[in-house]
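Worksheet: one structure, shown below.
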Amino acid sequence: MKILLGLLARSSAKVEISHRNSGKFIAGFFVLTLGVSSLEANAFDADSARDMMGVCATCHGEFGQGGSRGEYPRIAGQSEKYLAIQLENFRARKRINFPMFPYTEERDLSDEDIHNISAYLASIKLPTKPPVFKGDEDGLTRLQMMEKVMIISRSEGDIENGSKVYKKECASCHAKDGGGRGSFPMLVGQYTNYLMKQITSYINGERPHDEDDSLGILAKLKDTDIRDILAYLTSIQPQE
Ligand code: HEC
Ligand code: HEC
């Protein structure tokens, strides 16, 4: 019963922010209450996640594709574990992000919310090549198909050197294809200016890069190496 009351309290708080589709939300709520006892470890509540997404979308885009050319990072298709860690860090104020402050208050972002939204975002696969129109789509559908496509524009640099340094210094954690895994974020398919901003805050000690070797790797690189790594990352985007 405590769980139900908790859910109810949170639900009413959320309806205020997402007045868009409260009907659908109520339907989702009943599914949720029925499903509580059979909640599996890896399952997530898609209705609740979609409802939350309404709030995140104002900055991160309807599909989690990010916005304003990387001022708001892409969050769709990122590793679930990494997303959850970052949301926990924002909530604990270990990672400071003023735009997200109101959405990461303890009362608005429960552990269950973090689990649902992280699993939902991780499950979104964004295409990396332009859509092929069949011809019967309306304008809005076409626009949405275009908006989903994640192609990061090529950035300037020596790709060969970037490849060498990336493979030596970064690939062991962020994976050879830059796709990340577990607590290591995907870097390929993320906006270059956002990545650069993060690298700068790691070097300035504003965000810890990796527990064992905090800021070690990034701080010892030359500026040109960093530029070249970023150029390399934009050159290995898959086409699918
Ligand atoms: C008012 C704008 C805004 C809203 C609303 C917002 N965010 Fe963010 N979010 C940002 C900004 C800006 C950053 C980048 C911060 C930085 O540069 O370090 C960010 C970063 C993130 C990151 C880190 C990404 C990474 O690669 O490390 C995650 C995860 C995230 N947001 C999830 C969410 C979720 C989930 C929601 C909805 C509950 C949400 N955000 C709502 C502005 C927003
Ligand atoms: C020992 C493992 C390790 C290595 C090697 C490593 N990283 Fe990371 N990287 C991490 C972890 C862990 C995080 C997430 C840290 C956090 O929680 O903020 C991260 C985060 C990042 C981010 C932020 C991504 C985002 O979405 O906000 C960037 C950019 C990045 N690393 C670049 C690099 C580059 C470039 C290299 C090579 C020069 C590199 N990393 C090498 C472990 C590593």
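We label chains A, B, ... in the order they appear in the structure tokens, count residues from 1 in each chain, and number ligands from 1 in the order shown.
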
(message) 6 Å from ligand 1 is the threshold here; counting only C-alpha atoms and all ligand atoms, which polymer residues fall inside it? Answer as a ChimeraX atom specification.
(response) /A:52-53,55-56,58-59,71-73,75,83,86-87,97,99-100,103,117

Please, which residues have at least one atom within 7 Å of an atom of ligand 2, using only C-alpha atoms and all ligand atoms, listed as a short mmCIF file (atom, residue, chain, number, x, y, z; two decimals) with N, CA, C and O atoms, in the first residue's frame?
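Listed below is the output, part_8.cif:
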```cif
data_model
loop_
_atom_site.label_atom_id
_atom_site.label_comp_id
_atom_site.auth_asym_id
_atom_site.auth_seq_id
_atom_site.Cartn_x
_atom_site.Cartn_y
_atom_site.Cartn_z
N ILE A 85 23.70 6.48 -14.05
CA ILE A 85 24.75 7.06 -13.20
C ILE A 85 24.71 8.59 -13.28
O ILE A 85 24.80 9.30 -12.29
N GLN A 86 24.56 9.11 -14.52
CA GLN A 86 24.56 10.57 -14.67
C GLN A 86 23.36 11.20 -13.98
O GLN A 86 23.48 12.24 -13.34
N VAL A 165 45.58 8.08 -31.63
CA VAL A 165 45.49 8.46 -30.21
C VAL A 165 44.23 7.83 -29.58
O VAL A 165 44.28 7.33 -28.46
N TYR A 166 43.13 7.85 -30.32
CA TYR A 166 41.89 7.28 -29.78
C TYR A 166 42.10 5.80 -29.43
O TYR A 166 41.73 5.35 -28.34
N GLU A 169 44.49 5.56 -26.35
CA GLU A 169 44.13 6.17 -25.06
C GLU A 169 42.67 6.03 -24.65
O GLU A 169 42.34 6.22 -23.48
N CYS A 170 41.78 5.80 -25.59
CA CYS A 170 40.36 5.88 -25.26
C CYS A 170 39.59 4.59 -25.50
O CYS A 170 38.62 4.29 -24.80
N ALA A 171 40.01 3.82 -26.52
CA ALA A 171 39.21 2.68 -26.98
C ALA A 171 39.01 1.60 -25.91
O ALA A 171 37.99 0.93 -25.89
N SER A 172 39.99 1.48 -24.98
CA SER A 172 39.86 0.43 -23.97
C SER A 172 38.58 0.61 -23.15
O SER A 172 38.01 -0.36 -22.68
N CYS A 173 38.15 1.83 -22.96
CA CYS A 173 36.91 2.06 -22.19
C CYS A 173 35.73 2.40 -23.11
O CYS A 173 34.65 1.86 -22.97
N HIS A 174 35.94 3.33 -24.05
CA HIS A 174 34.80 3.80 -24.86
C HIS A 174 34.53 2.91 -26.07
O HIS A 174 33.68 3.23 -26.88
N SER A 183 29.20 1.55 -17.95
CA SER A 183 29.33 2.90 -17.41
C SER A 183 30.16 3.82 -18.29
O SER A 183 30.35 4.99 -17.99
N PHE A 184 30.68 3.29 -19.42
CA PHE A 184 31.46 4.11 -20.34
C PHE A 184 30.58 4.63 -21.46
O PHE A 184 30.04 3.84 -22.24
N PRO A 185 30.43 5.95 -21.57
CA PRO A 185 29.48 6.47 -22.55
C PRO A 185 29.90 6.30 -24.00
O PRO A 185 31.09 6.24 -24.31
N MET A 186 28.90 6.25 -24.87
CA MET A 186 29.11 6.28 -26.31
C MET A 186 29.59 7.68 -26.67
O MET A 186 29.07 8.68 -26.16
N LEU A 187 30.60 7.78 -27.51
CA LEU A 187 31.11 9.09 -27.94
C LEU A 187 30.77 9.35 -29.40
O LEU A 187 30.56 10.49 -29.81
N LEU A 195 30.85 17.22 -26.52
CA LEU A 195 32.01 16.41 -26.07
C LEU A 195 33.16 17.32 -25.65
O LEU A 195 33.79 17.12 -24.62
N MET A 196 33.40 18.36 -26.47
CA MET A 196 34.49 19.30 -26.17
C MET A 196 34.24 19.99 -24.83
O MET A 196 35.16 20.16 -24.03
N GLN A 198 32.60 18.82 -22.32
CA GLN A 198 32.84 17.86 -21.23
C GLN A 198 34.34 17.67 -21.00
O GLN A 198 34.80 17.61 -19.87
N ILE A 199 35.10 17.56 -22.10
CA ILE A 199 36.55 17.39 -21.98
C ILE A 199 37.15 18.57 -21.22
O ILE A 199 37.96 18.41 -20.31
N ARG A 207 34.39 17.96 -13.43
CA ARG A 207 33.66 16.70 -13.53
C ARG A 207 34.70 15.59 -13.50
O ARG A 207 35.66 15.66 -14.27
N PRO A 208 34.56 14.58 -12.61
CA PRO A 208 35.59 13.53 -12.59
C PRO A 208 35.45 12.60 -13.79
O PRO A 208 34.35 12.11 -14.07
N HIS A 209 36.54 12.36 -14.50
CA HIS A 209 36.46 11.54 -15.71
C HIS A 209 36.35 10.07 -15.40
O HIS A 209 35.39 9.41 -15.75
N ASP A 210 37.32 9.52 -14.69
CA ASP A 210 37.26 8.11 -14.34
C ASP A 210 37.85 7.95 -12.96
O ASP A 210 38.87 8.55 -12.65
N ASP A 213 41.65 7.02 -12.61
CA ASP A 213 42.65 7.83 -13.27
C ASP A 213 42.05 9.20 -13.57
O ASP A 213 42.00 9.63 -14.70
N ILE A 217 44.30 11.00 -18.25
CA ILE A 217 44.42 10.80 -19.69
C ILE A 217 44.17 12.09 -20.48
O ILE A 217 44.96 12.46 -21.33
N LEU A 218 43.07 12.76 -20.16
CA LEU A 218 42.70 13.93 -20.95
C LEU A 218 43.66 15.09 -20.73
O LEU A 218 44.00 15.81 -21.67
N ILE A 226 43.34 16.24 -29.01
CA ILE A 226 41.91 16.25 -28.65
C ILE A 226 41.08 16.62 -29.89
O ILE A 226 40.10 15.95 -30.21
N ILE A 229 41.06 13.63 -32.18
CA ILE A 229 40.18 12.54 -31.70
C ILE A 229 38.73 12.88 -32.06
O ILE A 229 37.99 12.03 -32.57
#
```

Write out as a Markdown table the residues of region 173-222 of chain A that have any atom within 10 Å of an atom of region 63-66 of chain A, one row each with the nearest atom pair and its distance in Å to one decimal, counting only C-alpha atoms, sorted by chain and then rising number.
```
| residue | atom | partner | partner_atom | distance |
| --- | --- | --- | --- | --- |
| A:Gly189 | CA | A:Gln65 | CA | 9.7 |
| A:Gln190 | CA | A:Gly66 | CA | 8.8 |
| A:Tyr191 | CA | A:Gly66 | CA | 8.5 |
```

(message) Please extract the residues of region 11-209 of chain A with a backbone DSSP assignment of strand (DSSP E or B) and present them as number ranges by chain.
(response) A: 67, 72, 181, 184

(request) Just the residues within 10 Å of Lys167 (chain A), please, counting only C-alpha atoms, with nothing from its chain fewer than 6 positions along; format it as JSON, numbers by chain. (result) {"A": [161, 174, 175, 176, 177, 178, 229]}

Hey, can you spit out that residue selection with C-alpha atoms as a tab-separated table (two decimals), in the first residue's frame?
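Done, and the output landed in part.tsv:
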```
chain	number	residue	atom	x	y	z
A	161	ASN	CA	46.40	11.01	-35.78
A	174	HIS	CA	34.80	3.80	-24.86
A	175	ALA	CA	35.10	0.81	-27.24
A	176	LYS	CA	36.84	0.55	-30.59
A	177	ASP	CA	33.77	1.81	-32.47
A	178	GLY	CA	33.18	4.62	-29.93
A	229	ILE	CA	40.18	12.54	-31.70
```

(request) Could you give me the residues within region 71-211 of chain A that DSSP places in alpha helix (DSSP H), as a ChimeraX atom specification? (result) /A:80-91,111-123,139-148,159-169,171-174,192-203

Atoms to include: C-alpha atoms. Write the selected residues as an mmCIF file, in the first residue's frame.
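Final output, saved to out.cif:
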```cif
data_model
loop_
_atom_site.group_PDB
_atom_site.id
_atom_site.type_symbol
_atom_site.label_atom_id
_atom_site.label_comp_id
_atom_site.auth_asym_id
_atom_site.auth_seq_id
_atom_site.Cartn_x
_atom_site.Cartn_y
_atom_site.Cartn_z
ATOM 1 C CA GLU A 80 21.474 2.512 -19.817
ATOM 2 C CA LYS A 81 23.938 2.178 -16.977
ATOM 3 C CA TYR A 82 25.753 5.379 -17.925
ATOM 4 C CA LEU A 83 22.473 7.345 -18.166
ATOM 5 C CA ALA A 84 21.383 6.114 -14.742
ATOM 6 C CA ILE A 85 24.750 7.059 -13.195
ATOM 7 C CA GLN A 86 24.556 10.573 -14.668
ATOM 8 C CA LEU A 87 20.984 11.128 -13.459
ATOM 9 C CA GLU A 88 22.048 9.976 -9.995
ATOM 10 C CA ASN A 89 25.008 12.353 -10.173
ATOM 11 C CA PHE A 90 22.783 15.282 -11.176
ATOM 12 C CA ARG A 91 20.380 14.430 -8.364
ATOM 13 C CA ASP A 111 15.179 5.641 -8.284
ATOM 14 C CA GLU A 112 12.315 4.034 -10.153
ATOM 15 C CA ASP A 113 12.022 7.057 -12.467
ATOM 16 C CA ILE A 114 15.765 6.884 -13.142
ATOM 17 C CA HIS A 115 15.486 3.196 -13.977
ATOM 18 C CA ASN A 116 12.477 3.709 -16.278
ATOM 19 C CA ILE A 117 13.769 6.708 -18.192
ATOM 20 C CA SER A 118 17.304 5.290 -18.562
ATOM 21 C CA ALA A 119 16.064 1.952 -19.892
ATOM 22 C CA TYR A 120 13.614 3.724 -22.210
ATOM 23 C CA LEU A 121 16.241 6.122 -23.607
ATOM 24 C CA ALA A 122 18.747 3.294 -24.081
ATOM 25 C CA SER A 123 16.160 1.398 -26.133
ATOM 26 C CA GLY A 139 4.504 16.795 -43.972
ATOM 27 C CA LEU A 140 4.610 16.187 -40.241
ATOM 28 C CA THR A 141 5.643 12.541 -40.610
ATOM 29 C CA ARG A 142 8.428 13.592 -42.982
ATOM 30 C CA LEU A 143 9.620 16.237 -40.560
ATOM 31 C CA GLN A 144 9.676 13.717 -37.706
ATOM 32 C CA MET A 145 11.564 11.190 -39.833
ATOM 33 C CA MET A 146 14.164 13.870 -40.595
ATOM 34 C CA GLU A 147 14.429 15.041 -36.984
ATOM 35 C CA LYS A 148 15.287 11.537 -35.783
ATOM 36 C CA ILE A 159 41.822 11.874 -38.695
ATOM 37 C CA GLU A 160 44.847 9.593 -38.934
ATOM 38 C CA ASN A 161 46.403 11.014 -35.779
ATOM 39 C CA GLY A 162 42.971 11.050 -34.096
ATOM 40 C CA SER A 163 42.567 7.367 -34.880
ATOM 41 C CA LYS A 164 45.991 6.535 -33.450
ATOM 42 C CA VAL A 165 45.487 8.462 -30.211
ATOM 43 C CA TYR A 166 41.890 7.278 -29.779
ATOM 44 C CA LYS A 167 42.852 3.612 -30.153
ATOM 45 C CA LYS A 168 45.754 3.976 -27.741
ATOM 46 C CA GLU A 169 44.131 6.167 -25.061
ATOM 47 C CA ALA A 171 39.208 2.678 -26.976
ATOM 48 C CA SER A 172 39.861 0.426 -23.968
ATOM 49 C CA CYS A 173 36.910 2.057 -22.194
ATOM 50 C CA HIS A 174 34.798 3.805 -24.858
ATOM 51 C CA THR A 192 31.222 17.439 -30.999
ATOM 52 C CA ASN A 193 30.742 20.728 -29.148
ATOM 53 C CA TYR A 194 29.095 18.894 -26.254
ATOM 54 C CA LEU A 195 32.006 16.410 -26.071
ATOM 55 C CA MET A 196 34.485 19.296 -26.174
ATOM 56 C CA LYS A 197 32.644 21.039 -23.350
ATOM 57 C CA GLN A 198 32.844 17.862 -21.230
ATOM 58 C CA ILE A 199 36.551 17.386 -21.976
ATOM 59 C CA THR A 200 37.155 20.977 -20.866
ATOM 60 C CA SER A 201 35.257 20.444 -17.625
ATOM 61 C CA TYR A 202 37.178 17.211 -16.947
ATOM 62 C CA ILE A 203 40.490 18.998 -17.525
#
```

(request) Work out how far apart CA of Pro131 (chain A) and CA of Asp47 (chain A) are and give it in Å to one decimal. (result) 27.0 Å

(message) Please list as number ranges by chain every residue within 8 Å of Val188 (chain A), counting only C-alpha atoms and excluding residues in the same chain fewer than 3 positions away.
(response) A: 177-179, 233-234, 236-237

(request) Determine, counting only C-alpha atoms, which protein, DNA and RNA residues have an atom within 6 Å of an atom of region 152-158 of chain A; residues of the same chain fewer than 6 positions away are not included. Present the result as a ChimeraX atom specification. (result) /A:227-228,231,234
